[in-house]
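Asker: Got coords-v2.cif for you, mmCIF, N, CA and C atoms:
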data_protein
loop_
_atom_site.label_atom_id
_atom_site.label_comp_id
_atom_site.auth_asym_id
_atom_site.auth_seq_id
_atom_site.Cartn_x
_atom_site.Cartn_y
_atom_site.Cartn_z
N MET A 1249 97.49 -42.41 139.68
CA MET A 1249 97.40 -41.11 140.33
C MET A 1249 97.78 -41.21 141.82
N SER A 1250 97.35 -42.27 142.49
CA SER A 1250 97.59 -42.37 143.93
C SER A 1250 99.06 -42.59 144.27
N LEU A 1251 99.88 -43.00 143.30
CA LEU A 1251 101.31 -43.20 143.56
C LEU A 1251 102.13 -41.96 143.24
N ASN A 1252 101.48 -40.90 142.81
CA ASN A 1252 102.15 -39.63 142.59
C ASN A 1252 102.76 -39.18 143.93
N PRO A 1253 104.00 -38.70 143.94
CA PRO A 1253 104.62 -38.31 145.21
C PRO A 1253 103.80 -37.28 146.00
N ALA A 1254 103.15 -36.37 145.31
CA ALA A 1254 102.32 -35.38 146.01
C ALA A 1254 101.13 -36.07 146.68
N MET A 1255 100.53 -37.01 145.97
CA MET A 1255 99.39 -37.74 146.55
C MET A 1255 99.83 -38.60 147.73
N LEU A 1256 101.01 -39.20 147.64
CA LEU A 1256 101.51 -39.99 148.76
C LEU A 1256 101.78 -39.09 149.97
N ALA A 1257 102.28 -37.89 149.74
CA ALA A 1257 102.52 -36.96 150.84
C ALA A 1257 101.20 -36.53 151.47
N ILE A 1258 100.21 -36.25 150.63
CA ILE A 1258 98.89 -35.88 151.14
C ILE A 1258 98.28 -37.03 151.93
N ARG A 1259 98.43 -38.23 151.41
CA ARG A 1259 97.91 -39.41 152.11
C ARG A 1259 98.56 -39.56 153.48
N PHE A 1260 99.87 -39.34 153.54
CA PHE A 1260 100.57 -39.44 154.82
C PHE A 1260 100.04 -38.39 155.80
N LEU A 1261 99.84 -37.17 155.33
CA LEU A 1261 99.29 -36.12 156.20
C LEU A 1261 97.88 -36.46 156.66
N LEU A 1262 97.09 -37.05 155.77
CA LEU A 1262 95.74 -37.46 156.15
C LEU A 1262 95.77 -38.58 157.18
N GLU A 1263 96.74 -39.49 157.05
CA GLU A 1263 96.90 -40.56 158.05
C GLU A 1263 97.22 -39.95 159.41
N LEU A 1264 98.16 -39.02 159.43
CA LEU A 1264 98.53 -38.37 160.70
C LEU A 1264 97.35 -37.61 161.29
N MET A 1265 96.59 -36.93 160.43
CA MET A 1265 95.43 -36.18 160.88
C MET A 1265 94.40 -37.12 161.50
N ALA A 1266 94.13 -38.23 160.84
CA ALA A 1266 93.13 -39.17 161.34
C ALA A 1266 93.57 -39.76 162.68
N ILE A 1267 94.81 -40.18 162.74
CA ILE A 1267 95.31 -40.78 163.99
C ILE A 1267 95.33 -39.76 165.11
N GLY A 1268 95.74 -38.54 164.80
CA GLY A 1268 95.73 -37.48 165.81
C GLY A 1268 94.33 -37.12 166.28
N SER A 1269 93.36 -37.25 165.40
CA SER A 1269 91.97 -36.93 165.75
C SER A 1269 91.46 -37.84 166.86
N PHE A 1270 91.92 -39.07 166.88
CA PHE A 1270 91.51 -39.97 167.97
C PHE A 1270 92.07 -39.49 169.31
N GLY A 1271 93.27 -38.91 169.29
CA GLY A 1271 93.83 -38.34 170.50
C GLY A 1271 93.05 -37.12 170.97
N VAL A 1272 92.64 -36.28 170.01
CA VAL A 1272 91.81 -35.12 170.35
C VAL A 1272 90.51 -35.58 171.00
N TYR A 1273 89.92 -36.62 170.43
CA TYR A 1273 88.69 -37.16 171.02
C TYR A 1273 88.93 -37.65 172.45
N GLY A 1274 90.01 -38.39 172.64
CA GLY A 1274 90.32 -38.89 173.98
C GLY A 1274 90.48 -37.77 174.99
N TRP A 1275 91.06 -36.66 174.56
CA TRP A 1275 91.29 -35.54 175.46
C TRP A 1275 90.01 -34.78 175.77
N ARG A 1276 89.22 -34.52 174.74
CA ARG A 1276 88.05 -33.65 174.91
C ARG A 1276 86.81 -34.38 175.42
N ALA A 1277 86.71 -35.67 175.17
CA ALA A 1277 85.47 -36.38 175.50
C ALA A 1277 85.48 -37.03 176.87
N PHE A 1278 86.62 -37.10 177.51
CA PHE A 1278 86.71 -37.80 178.79
C PHE A 1278 87.34 -36.90 179.83
N ASP A 1279 87.01 -37.18 181.09
CA ASP A 1279 87.57 -36.42 182.20
C ASP A 1279 88.83 -37.11 182.72
N SER A 1280 89.60 -36.36 183.49
CA SER A 1280 90.79 -36.94 184.12
C SER A 1280 90.35 -38.07 185.02
N PRO A 1281 91.11 -39.08 185.23
CA PRO A 1281 92.42 -39.39 184.67
C PRO A 1281 92.35 -40.13 183.34
N TRP A 1282 91.13 -40.46 182.87
CA TRP A 1282 91.00 -41.22 181.63
C TRP A 1282 91.55 -40.48 180.43
N ARG A 1283 91.40 -39.17 180.41
CA ARG A 1283 91.85 -38.41 179.25
C ARG A 1283 93.35 -38.59 179.03
N PHE A 1284 94.12 -38.69 180.09
CA PHE A 1284 95.57 -38.84 179.95
C PHE A 1284 95.94 -40.19 179.34
N LEU A 1285 95.16 -41.19 179.66
CA LEU A 1285 95.38 -42.51 179.08
C LEU A 1285 94.89 -42.57 177.64
N LEU A 1286 93.69 -42.08 177.40
CA LEU A 1286 93.08 -42.21 176.08
C LEU A 1286 93.72 -41.31 175.03
N VAL A 1287 94.29 -40.18 175.43
CA VAL A 1287 94.94 -39.30 174.46
C VAL A 1287 96.14 -40.00 173.83
N ALA A 1288 96.72 -40.95 174.52
CA ALA A 1288 97.84 -41.72 173.96
C ALA A 1288 97.36 -43.07 173.41
N LEU A 1289 96.45 -43.70 174.10
CA LEU A 1289 96.04 -45.06 173.74
C LEU A 1289 95.24 -45.12 172.43
N LEU A 1290 94.29 -44.23 172.24
CA LEU A 1290 93.46 -44.28 171.03
C LEU A 1290 94.28 -44.10 169.74
N PRO A 1291 95.18 -43.10 169.68
CA PRO A 1291 96.00 -43.00 168.47
C PRO A 1291 96.94 -44.19 168.29
N LEU A 1292 97.45 -44.75 169.38
CA LEU A 1292 98.33 -45.91 169.27
C LEU A 1292 97.59 -47.12 168.70
N ILE A 1293 96.35 -47.31 169.12
CA ILE A 1293 95.55 -48.43 168.59
C ILE A 1293 95.31 -48.22 167.10
N ALA A 1294 94.92 -47.01 166.72
CA ALA A 1294 94.67 -46.73 165.30
C ALA A 1294 95.94 -46.93 164.48
N ALA A 1295 97.07 -46.44 164.97
CA ALA A 1295 98.33 -46.58 164.24
C ALA A 1295 98.76 -48.04 164.15
N ALA A 1296 98.52 -48.80 165.21
CA ALA A 1296 98.89 -50.22 165.19
C ALA A 1296 98.05 -50.98 164.16
N LEU A 1297 96.76 -50.69 164.11
CA LEU A 1297 95.91 -51.33 163.11
C LEU A 1297 96.36 -50.94 161.70
N TRP A 1298 96.65 -49.66 161.51
CA TRP A 1298 97.07 -49.15 160.21
C TRP A 1298 98.34 -49.82 159.73
N GLY A 1299 99.28 -49.98 160.62
CA GLY A 1299 100.58 -50.52 160.23
C GLY A 1299 100.65 -52.04 160.18
N THR A 1300 99.73 -52.71 160.83
CA THR A 1300 99.81 -54.16 160.93
C THR A 1300 99.13 -54.87 159.77
N PHE A 1301 97.95 -54.44 159.42
CA PHE A 1301 97.16 -55.14 158.40
C PHE A 1301 97.38 -54.49 157.04
N ALA A 1302 97.93 -55.27 156.10
CA ALA A 1302 98.26 -54.72 154.79
C ALA A 1302 98.06 -55.78 153.71
N VAL A 1303 97.98 -55.28 152.50
CA VAL A 1303 97.88 -56.16 151.33
C VAL A 1303 99.30 -56.40 150.83
N PRO A 1304 99.69 -57.65 150.64
CA PRO A 1304 101.05 -57.91 150.14
C PRO A 1304 101.25 -57.24 148.78
N GLY A 1305 102.40 -56.63 148.61
CA GLY A 1305 102.73 -55.98 147.35
C GLY A 1305 102.07 -54.63 147.16
N ASP A 1306 101.56 -54.03 148.22
CA ASP A 1306 100.92 -52.72 148.13
C ASP A 1306 101.95 -51.70 147.66
N PRO A 1307 101.74 -51.09 146.49
CA PRO A 1307 102.74 -50.16 145.97
C PRO A 1307 102.84 -48.86 146.76
N SER A 1308 101.86 -48.54 147.58
CA SER A 1308 101.93 -47.32 148.36
C SER A 1308 102.65 -47.53 149.69
N ARG A 1309 103.00 -48.76 149.98
CA ARG A 1309 103.73 -49.10 151.20
C ARG A 1309 105.03 -49.78 150.78
N SER A 1310 105.71 -50.37 151.69
CA SER A 1310 106.97 -51.04 151.38
C SER A 1310 106.78 -52.32 150.59
N GLY A 1311 105.55 -52.76 150.47
CA GLY A 1311 105.26 -54.03 149.80
C GLY A 1311 105.19 -55.19 150.78
N GLU A 1312 105.64 -54.94 151.99
CA GLU A 1312 105.59 -55.97 153.02
C GLU A 1312 104.27 -55.88 153.78
N ALA A 1313 103.82 -56.99 154.26
CA ALA A 1313 102.57 -57.03 155.02
C ALA A 1313 102.78 -57.84 156.29
N PRO A 1314 102.89 -57.18 157.46
CA PRO A 1314 103.05 -57.93 158.71
C PRO A 1314 101.93 -58.96 158.89
N VAL A 1315 100.69 -58.53 158.63
CA VAL A 1315 99.55 -59.44 158.63
C VAL A 1315 98.83 -59.21 157.30
N SER A 1316 98.88 -60.22 156.45
CA SER A 1316 98.27 -60.09 155.12
C SER A 1316 96.76 -60.16 155.20
N VAL A 1317 96.12 -59.23 154.52
CA VAL A 1317 94.66 -59.22 154.44
C VAL A 1317 94.26 -58.96 152.99
N PRO A 1318 93.05 -59.36 152.62
CA PRO A 1318 92.57 -59.04 151.27
C PRO A 1318 92.41 -57.52 151.09
N GLY A 1319 92.40 -57.10 149.86
CA GLY A 1319 92.28 -55.68 149.56
C GLY A 1319 91.02 -55.05 150.11
N THR A 1320 89.92 -55.77 150.09
CA THR A 1320 88.67 -55.20 150.60
C THR A 1320 88.72 -54.97 152.11
N VAL A 1321 89.43 -55.84 152.82
CA VAL A 1321 89.58 -55.66 154.27
C VAL A 1321 90.45 -54.43 154.53
N ARG A 1322 91.53 -54.28 153.76
CA ARG A 1322 92.39 -53.12 153.93
C ARG A 1322 91.64 -51.83 153.59
N LEU A 1323 90.85 -51.87 152.53
CA LEU A 1323 90.07 -50.69 152.15
C LEU A 1323 89.09 -50.33 153.27
N ALA A 1324 88.44 -51.31 153.84
CA ALA A 1324 87.51 -51.06 154.95
C ALA A 1324 88.25 -50.47 156.15
N LEU A 1325 89.43 -51.00 156.44
CA LEU A 1325 90.23 -50.48 157.56
C LEU A 1325 90.63 -49.03 157.30
N GLU A 1326 91.08 -48.74 156.08
CA GLU A 1326 91.48 -47.38 155.76
C GLU A 1326 90.31 -46.42 155.89
N LEU A 1327 89.17 -46.80 155.35
CA LEU A 1327 88.00 -45.92 155.44
C LEU A 1327 87.54 -45.76 156.88
N LEU A 1328 87.63 -46.84 157.66
CA LEU A 1328 87.26 -46.77 159.07
C LEU A 1328 88.15 -45.79 159.83
N ILE A 1329 89.44 -45.87 159.60
CA ILE A 1329 90.36 -44.98 160.32
C ILE A 1329 90.27 -43.55 159.80
N PHE A 1330 90.28 -43.38 158.47
CA PHE A 1330 90.19 -42.03 157.93
C PHE A 1330 88.91 -41.33 158.38
N PHE A 1331 87.77 -41.95 158.09
CA PHE A 1331 86.50 -41.31 158.43
C PHE A 1331 86.16 -41.44 159.91
N GLY A 1332 86.76 -42.43 160.58
CA GLY A 1332 86.63 -42.51 162.03
C GLY A 1332 87.29 -41.33 162.71
N GLY A 1333 88.39 -40.84 162.11
CA GLY A 1333 89.03 -39.64 162.63
C GLY A 1333 88.12 -38.43 162.53
N ALA A 1334 87.42 -38.31 161.41
CA ALA A 1334 86.46 -37.21 161.25
C ALA A 1334 85.32 -37.37 162.25
N ALA A 1335 84.84 -38.59 162.44
CA ALA A 1335 83.78 -38.83 163.42
C ALA A 1335 84.27 -38.53 164.83
N ALA A 1336 85.52 -38.82 165.10
CA ALA A 1336 86.09 -38.53 166.43
C ALA A 1336 86.11 -37.03 166.67
N LEU A 1337 86.44 -36.26 165.65
CA LEU A 1337 86.42 -34.80 165.80
C LEU A 1337 85.00 -34.31 166.08
N PHE A 1338 84.04 -34.89 165.38
CA PHE A 1338 82.65 -34.51 165.62
C PHE A 1338 82.24 -34.85 167.05
N ALA A 1339 82.58 -36.06 167.49
CA ALA A 1339 82.23 -36.50 168.85
C ALA A 1339 82.96 -35.69 169.91
N ALA A 1340 84.10 -35.10 169.54
CA ALA A 1340 84.87 -34.28 170.48
C ALA A 1340 84.32 -32.85 170.56
N GLY A 1341 83.25 -32.59 169.82
CA GLY A 1341 82.66 -31.27 169.87
C GLY A 1341 83.26 -30.29 168.87
N LEU A 1342 83.85 -30.81 167.81
CA LEU A 1342 84.47 -29.98 166.78
C LEU A 1342 83.83 -30.26 165.42
N PRO A 1343 82.54 -29.94 165.27
CA PRO A 1343 81.84 -30.31 164.04
C PRO A 1343 82.40 -29.63 162.79
N ARG A 1344 82.86 -28.40 162.90
CA ARG A 1344 83.42 -27.72 161.73
C ARG A 1344 84.68 -28.42 161.24
N TRP A 1345 85.56 -28.79 162.17
CA TRP A 1345 86.79 -29.51 161.79
C TRP A 1345 86.46 -30.90 161.25
N ALA A 1346 85.43 -31.53 161.80
CA ALA A 1346 85.02 -32.84 161.32
C ALA A 1346 84.52 -32.75 159.88
N LEU A 1347 83.75 -31.72 159.59
CA LEU A 1347 83.23 -31.54 158.23
C LEU A 1347 84.36 -31.23 157.25
N ILE A 1348 85.29 -30.38 157.65
CA ILE A 1348 86.44 -30.07 156.79
C ILE A 1348 87.25 -31.34 156.54
N SER A 1349 87.50 -32.09 157.58
CA SER A 1349 88.25 -33.34 157.47
C SER A 1349 87.56 -34.32 156.53
N ALA A 1350 86.27 -34.50 156.72
CA ALA A 1350 85.52 -35.43 155.87
C ALA A 1350 85.51 -34.97 154.41
N GLY A 1351 85.39 -33.67 154.20
CA GLY A 1351 85.40 -33.14 152.84
C GLY A 1351 86.74 -33.38 152.15
N ILE A 1352 87.83 -33.16 152.86
CA ILE A 1352 89.16 -33.40 152.30
C ILE A 1352 89.34 -34.89 152.00
N LEU A 1353 88.84 -35.73 152.89
CA LEU A 1353 88.96 -37.18 152.69
C LEU A 1353 88.16 -37.65 151.48
N VAL A 1354 86.97 -37.12 151.30
CA VAL A 1354 86.17 -37.49 150.12
C VAL A 1354 86.89 -37.06 148.85
N LEU A 1355 87.44 -35.85 148.84
CA LEU A 1355 88.18 -35.37 147.68
C LEU A 1355 89.40 -36.25 147.41
N TYR A 1356 90.14 -36.58 148.46
CA TYR A 1356 91.31 -37.44 148.28
C TYR A 1356 90.90 -38.81 147.73
N GLN A 1357 89.87 -39.41 148.29
CA GLN A 1357 89.43 -40.73 147.84
C GLN A 1357 88.99 -40.68 146.38
N ALA A 1358 88.36 -39.59 145.98
CA ALA A 1358 87.95 -39.46 144.58
C ALA A 1358 89.17 -39.38 143.66
N LEU A 1359 90.20 -38.66 144.10
CA LEU A 1359 91.42 -38.55 143.30
C LEU A 1359 92.22 -39.85 143.29
N ALA A 1360 92.10 -40.64 144.35
CA ALA A 1360 92.85 -41.89 144.48
C ALA A 1360 91.99 -43.08 144.06
N TYR A 1361 91.14 -42.88 143.07
CA TYR A 1361 90.23 -43.93 142.61
C TYR A 1361 90.99 -45.17 142.15
N ASP A 1362 92.21 -44.98 141.62
CA ASP A 1362 92.98 -46.13 141.15
C ASP A 1362 93.40 -47.02 142.31
N ARG A 1363 93.69 -46.44 143.46
CA ARG A 1363 94.04 -47.24 144.63
C ARG A 1363 92.83 -48.03 145.12
N ILE A 1364 91.68 -47.40 145.14
CA ILE A 1364 90.46 -48.10 145.55
C ILE A 1364 90.18 -49.26 144.63
N ALA A 1365 90.31 -49.02 143.32
CA ALA A 1365 90.09 -50.11 142.34
C ALA A 1365 91.08 -51.24 142.56
N TRP A 1366 92.35 -50.89 142.82
CA TRP A 1366 93.37 -51.91 143.05
C TRP A 1366 93.05 -52.72 144.31
N LEU A 1367 92.63 -52.06 145.38
CA LEU A 1367 92.30 -52.76 146.62
C LEU A 1367 91.10 -53.68 146.45
N VAL A 1368 90.13 -53.27 145.69
CA VAL A 1368 88.95 -54.11 145.46
C VAL A 1368 89.33 -55.36 144.67
N LYS A 1369 90.28 -55.22 143.75
CA LYS A 1369 90.71 -56.37 142.94
C LYS A 1369 91.71 -57.26 143.68
N ALA A 1370 92.46 -56.69 144.63
CA ALA A 1370 93.53 -57.44 145.32
C ALA A 1370 92.97 -58.49 146.26
#
Can you turn what I pasted into structure tokens?
Answerer:
Amino acid sequence: MSLNPAMLAIRFLLELMAIGSFGVYGWRAFDSPWRFLLVALLPLIAAALWGTFAVPGDPSRSGEAPVSVPGTVRLALELLIFFGGAAALFAAGLPRWALISAGILVLYQALAYDRIAWLVKA
């Protein structure tokens, strides 16, 4: 199910949403001049972690892994970034958006149960 093109597109949008949420947090939670730095730095850190640590042969990615990690480590990283984005929205003073984000993520994770199972076994 998780390799369905629609699910991959949804996953990509969720990745962008989570990474962008860290930028929203940087902007809303800090005063100038820190906000200008953190609005760019926090999403860059999240994106770098997302793109660097991967499971070799991951069918939802290119199959390449710049830094190979076990499936459970990748699953933990994904959950940290996805739900960390929702937590960032909450911390930024946007509890309604955080709840909507978390709800969509829970639904997506339930539908992508095969990916979770694969990561646990990898």
Asker: The PyMOL selection byres ((chain A and resi 1310-1321) around 6.5) on the file shown: which residues, as a ChimeraX atom specification?
Answerer: /A:1299-1309,1322-1326,1366-1370
Asker: Could you tell me how far atom CA of Ala1266 of chain A lies from atom C of Asp1279 of chain A, in Å and to one decimal?
Answerer: 21.9 Å
Asker: Quick one: which segment 1268-1342 of chain A residues come within 7 Å of segment 1347-1354 of chain A, and what is the nearest atom pair for each with the distance in Å to one decimal, counting all atoms listed in the file, rows ordered by chain and ascending number, as a tab-separated table?
Answerer:
residue	atom	partner	partner_atom	distance
A:Phe1331	CA	A:Ala1350	CA	6.5
A:Ala1334	CA	A:Ala1350	N	5.3
A:Phe1338	N	A:Leu1347	N	6.6
A:Leu1342	C	A:Leu1347	N	6.0
Asker: Atom CA of Ala1294 of chain A and atom N of Leu1337 of chain A, how far apart in Å?
Answerer: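 That distance, rounded to one decimal, is 13.3 Å.
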Asker: Once the PyMOL selection byres (((chain A and resi 1264 and name CA) around 12) and name CA) has been evaluated on this model, what residues remain selected, and can you format them as a PyMOL selection string?
Answerer: chain A and resi 1257-1263+1265-1271+1291-1292+1294-1295+1298+1329-1330+1333+1349
Asker: Hey, which of A:Ala1339, A:Leu1328, A:Leu1289, A:Leu1359 ends up closest to Leu1251 of chain A? Count only C-alpha atoms.
Answerer: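 Of the candidates, the smallest distance to Leu1251 of chain A is held by A:Leu1359.
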Asker: Taking the chain letters and numbering used in this document, name the residues of segment 1279-1353 of chain A that DSSP puts in alpha helix (DSSP H), as a compact mmCIF listing (two decimals) with N, CA and C atoms, in the frame of the given file.
Answerer:
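Resulting contents of selection_24.txt:
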# COMPACT_ATOMS: atom_id res chain seq x y z
N TRP A 1282 91.13 -40.46 182.87
CA TRP A 1282 91.00 -41.22 181.63
C TRP A 1282 91.55 -40.48 180.43
N ARG A 1283 91.40 -39.17 180.41
CA ARG A 1283 91.85 -38.41 179.25
C ARG A 1283 93.35 -38.59 179.03
N PHE A 1284 94.12 -38.69 180.09
CA PHE A 1284 95.57 -38.84 179.95
C PHE A 1284 95.94 -40.19 179.34
N LEU A 1285 95.16 -41.19 179.66
CA LEU A 1285 95.38 -42.51 179.08
C LEU A 1285 94.89 -42.57 177.64
N LEU A 1286 93.69 -42.08 177.40
CA LEU A 1286 93.08 -42.21 176.08
C LEU A 1286 93.72 -41.31 175.03
N VAL A 1287 94.29 -40.18 175.43
CA VAL A 1287 94.94 -39.30 174.46
C VAL A 1287 96.14 -40.00 173.83
N ALA A 1288 96.72 -40.95 174.52
CA ALA A 1288 97.84 -41.72 173.96
C ALA A 1288 97.36 -43.07 173.41
N LEU A 1289 96.45 -43.70 174.10
CA LEU A 1289 96.04 -45.06 173.74
C LEU A 1289 95.24 -45.12 172.43
N LEU A 1290 94.29 -44.23 172.24
CA LEU A 1290 93.46 -44.28 171.03
C LEU A 1290 94.28 -44.10 169.74
N PRO A 1291 95.18 -43.10 169.68
CA PRO A 1291 96.00 -43.00 168.47
C PRO A 1291 96.94 -44.19 168.29
N LEU A 1292 97.45 -44.75 169.38
CA LEU A 1292 98.33 -45.91 169.27
C LEU A 1292 97.59 -47.12 168.70
N ILE A 1293 96.35 -47.31 169.12
CA ILE A 1293 95.55 -48.43 168.59
C ILE A 1293 95.31 -48.22 167.10
N ALA A 1294 94.92 -47.01 166.72
CA ALA A 1294 94.67 -46.73 165.30
C ALA A 1294 95.94 -46.93 164.48
N ALA A 1295 97.07 -46.44 164.97
CA ALA A 1295 98.33 -46.58 164.24
C ALA A 1295 98.76 -48.04 164.15
N ALA A 1296 98.52 -48.80 165.21
CA ALA A 1296 98.89 -50.22 165.19
C ALA A 1296 98.05 -50.98 164.16
N LEU A 1297 96.76 -50.69 164.11
CA LEU A 1297 95.91 -51.33 163.11
C LEU A 1297 96.36 -50.94 161.70
N TRP A 1298 96.65 -49.66 161.51
CA TRP A 1298 97.07 -49.15 160.21
C TRP A 1298 98.34 -49.82 159.73
N GLY A 1299 99.28 -49.98 160.62
CA GLY A 1299 100.58 -50.52 160.23
C GLY A 1299 100.65 -52.04 160.18
N THR A 1300 99.73 -52.71 160.83
CA THR A 1300 99.81 -54.16 160.93
C THR A 1300 99.13 -54.87 159.77
N GLY A 1319 92.40 -57.10 149.86
CA GLY A 1319 92.28 -55.68 149.56
C GLY A 1319 91.02 -55.05 150.11
N THR A 1320 89.92 -55.77 150.09
CA THR A 1320 88.67 -55.20 150.60
C THR A 1320 88.72 -54.97 152.11
N VAL A 1321 89.43 -55.84 152.82
CA VAL A 1321 89.58 -55.66 154.27
C VAL A 1321 90.45 -54.43 154.53
N ARG A 1322 91.53 -54.28 153.76
CA ARG A 1322 92.39 -53.12 153.93
C ARG A 1322 91.64 -51.83 153.59
N LEU A 1323 90.85 -51.87 152.53
CA LEU A 1323 90.07 -50.69 152.15
C LEU A 1323 89.09 -50.33 153.27
N ALA A 1324 88.44 -51.31 153.84
CA ALA A 1324 87.51 -51.06 154.95
C ALA A 1324 88.25 -50.47 156.15
N LEU A 1325 89.43 -51.00 156.44
CA LEU A 1325 90.23 -50.48 157.56
C LEU A 1325 90.63 -49.03 157.30
N GLU A 1326 91.08 -48.74 156.08
CA GLU A 1326 91.48 -47.38 155.76
C GLU A 1326 90.31 -46.42 155.89
N LEU A 1327 89.17 -46.80 155.35
CA LEU A 1327 88.00 -45.92 155.44
C LEU A 1327 87.54 -45.76 156.88
N LEU A 1328 87.63 -46.84 157.66
CA LEU A 1328 87.26 -46.77 159.07
C LEU A 1328 88.15 -45.79 159.83
N ILE A 1329 89.44 -45.87 159.60
CA ILE A 1329 90.36 -44.98 160.32
C ILE A 1329 90.27 -43.55 159.80
N PHE A 1330 90.28 -43.38 158.47
CA PHE A 1330 90.19 -42.03 157.93
C PHE A 1330 88.91 -41.33 158.38
N PHE A 1331 87.77 -41.95 158.09
CA PHE A 1331 86.50 -41.31 158.43
C PHE A 1331 86.16 -41.44 159.91
N GLY A 1332 86.76 -42.43 160.58
CA GLY A 1332 86.63 -42.51 162.03
C GLY A 1332 87.29 -41.33 162.71
N GLY A 1333 88.39 -40.84 162.11
CA GLY A 1333 89.03 -39.64 162.63
C GLY A 1333 88.12 -38.43 162.53
N ALA A 1334 87.42 -38.31 161.41
CA ALA A 1334 86.46 -37.21 161.25
C ALA A 1334 85.32 -37.37 162.25
N ALA A 1335 84.84 -38.59 162.44
CA ALA A 1335 83.78 -38.83 163.42
C ALA A 1335 84.27 -38.53 164.83
N ALA A 1336 85.52 -38.82 165.10
CA ALA A 1336 86.09 -38.53 166.43
C ALA A 1336 86.11 -37.03 166.67
N LEU A 1337 86.44 -36.26 165.65
CA LEU A 1337 86.42 -34.80 165.80
C LEU A 1337 85.00 -34.31 166.08
N PHE A 1338 84.04 -34.89 165.38
CA PHE A 1338 82.65 -34.51 165.62
C PHE A 1338 82.24 -34.85 167.05
N ALA A 1339 82.58 -36.06 167.49
CA ALA A 1339 82.23 -36.50 168.85
C ALA A 1339 82.96 -35.69 169.91
N PRO A 1343 82.54 -29.94 165.27
CA PRO A 1343 81.84 -30.31 164.04
C PRO A 1343 82.40 -29.63 162.79
N ARG A 1344 82.86 -28.40 162.90
CA ARG A 1344 83.42 -27.72 161.73
C ARG A 1344 84.68 -28.42 161.24
N TRP A 1345 85.56 -28.79 162.17
CA TRP A 1345 86.79 -29.51 161.79
C TRP A 1345 86.46 -30.90 161.25
N ALA A 1346 85.43 -31.53 161.80
CA ALA A 1346 85.02 -32.84 161.32
C ALA A 1346 84.52 -32.75 159.88
N LEU A 1347 83.75 -31.72 159.59
CA LEU A 1347 83.23 -31.54 158.23
C LEU A 1347 84.36 -31.23 157.25
N ILE A 1348 85.29 -30.38 157.65
CA ILE A 1348 86.44 -30.07 156.79
C ILE A 1348 87.25 -31.34 156.54
N SER A 1349 87.50 -32.09 157.58
CA SER A 1349 88.25 -33.34 157.47
C SER A 1349 87.56 -34.32 156.53
N ALA A 1350 86.27 -34.50 156.72
CA ALA A 1350 85.52 -35.43 155.87
C ALA A 1350 85.51 -34.97 154.41
N GLY A 1351 85.39 -33.67 154.20
CA GLY A 1351 85.40 -33.14 152.84
C GLY A 1351 86.74 -33.38 152.15
N ILE A 1352 87.83 -33.16 152.86
CA ILE A 1352 89.16 -33.40 152.30
C ILE A 1352 89.34 -34.89 152.00
N LEU A 1353 88.84 -35.73 152.89
CA LEU A 1353 88.96 -37.18 152.69
C LEU A 1353 88.16 -37.65 151.48
Asker: Compare A:Ala1336, A:Leu1355, A:Pro1253, A:Leu1297 by their minimum atom-to-atom distance to Gly1274 of chain A, counting only C-alpha atoms, and give me the closest one.
Answerer: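 Closest to Gly1274 of chain A, using only C-alpha atoms: A:Ala1336.
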Asker: Given only N, CA and C atoms as the basis, pick out the residue of A:Ala1254, A:Val1287, A:Ala1346, A:Ala1296 nearest to Tyr1273 of chain A.
Answerer: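 Distance minimum relative to Tyr1273 of chain A lands on A:Val1287.
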Asker: Quick check, in Å to one decimal: how far apart do atom CA of Ile1364 of chain A and atom CA of Leu1256 of chain A lie?
Answerer: 14.1 Å
Asker: According to DSSP computed on the backbone, where in chain A is there strand (DSSP E)? Give the residues as number ranges by chain.
Answerer: A: 1301-1302, 1315-1316
Asker: Between A:Phe1284, A:Ala1340, A:Tyr1361, A:Trp1345, single out the one closest to Val1272 of chain A, counting all atoms listed in the file.
Answerer: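 Residue with the minimum atom-to-atom distance to Val1272 of chain A: A:Ala1340.
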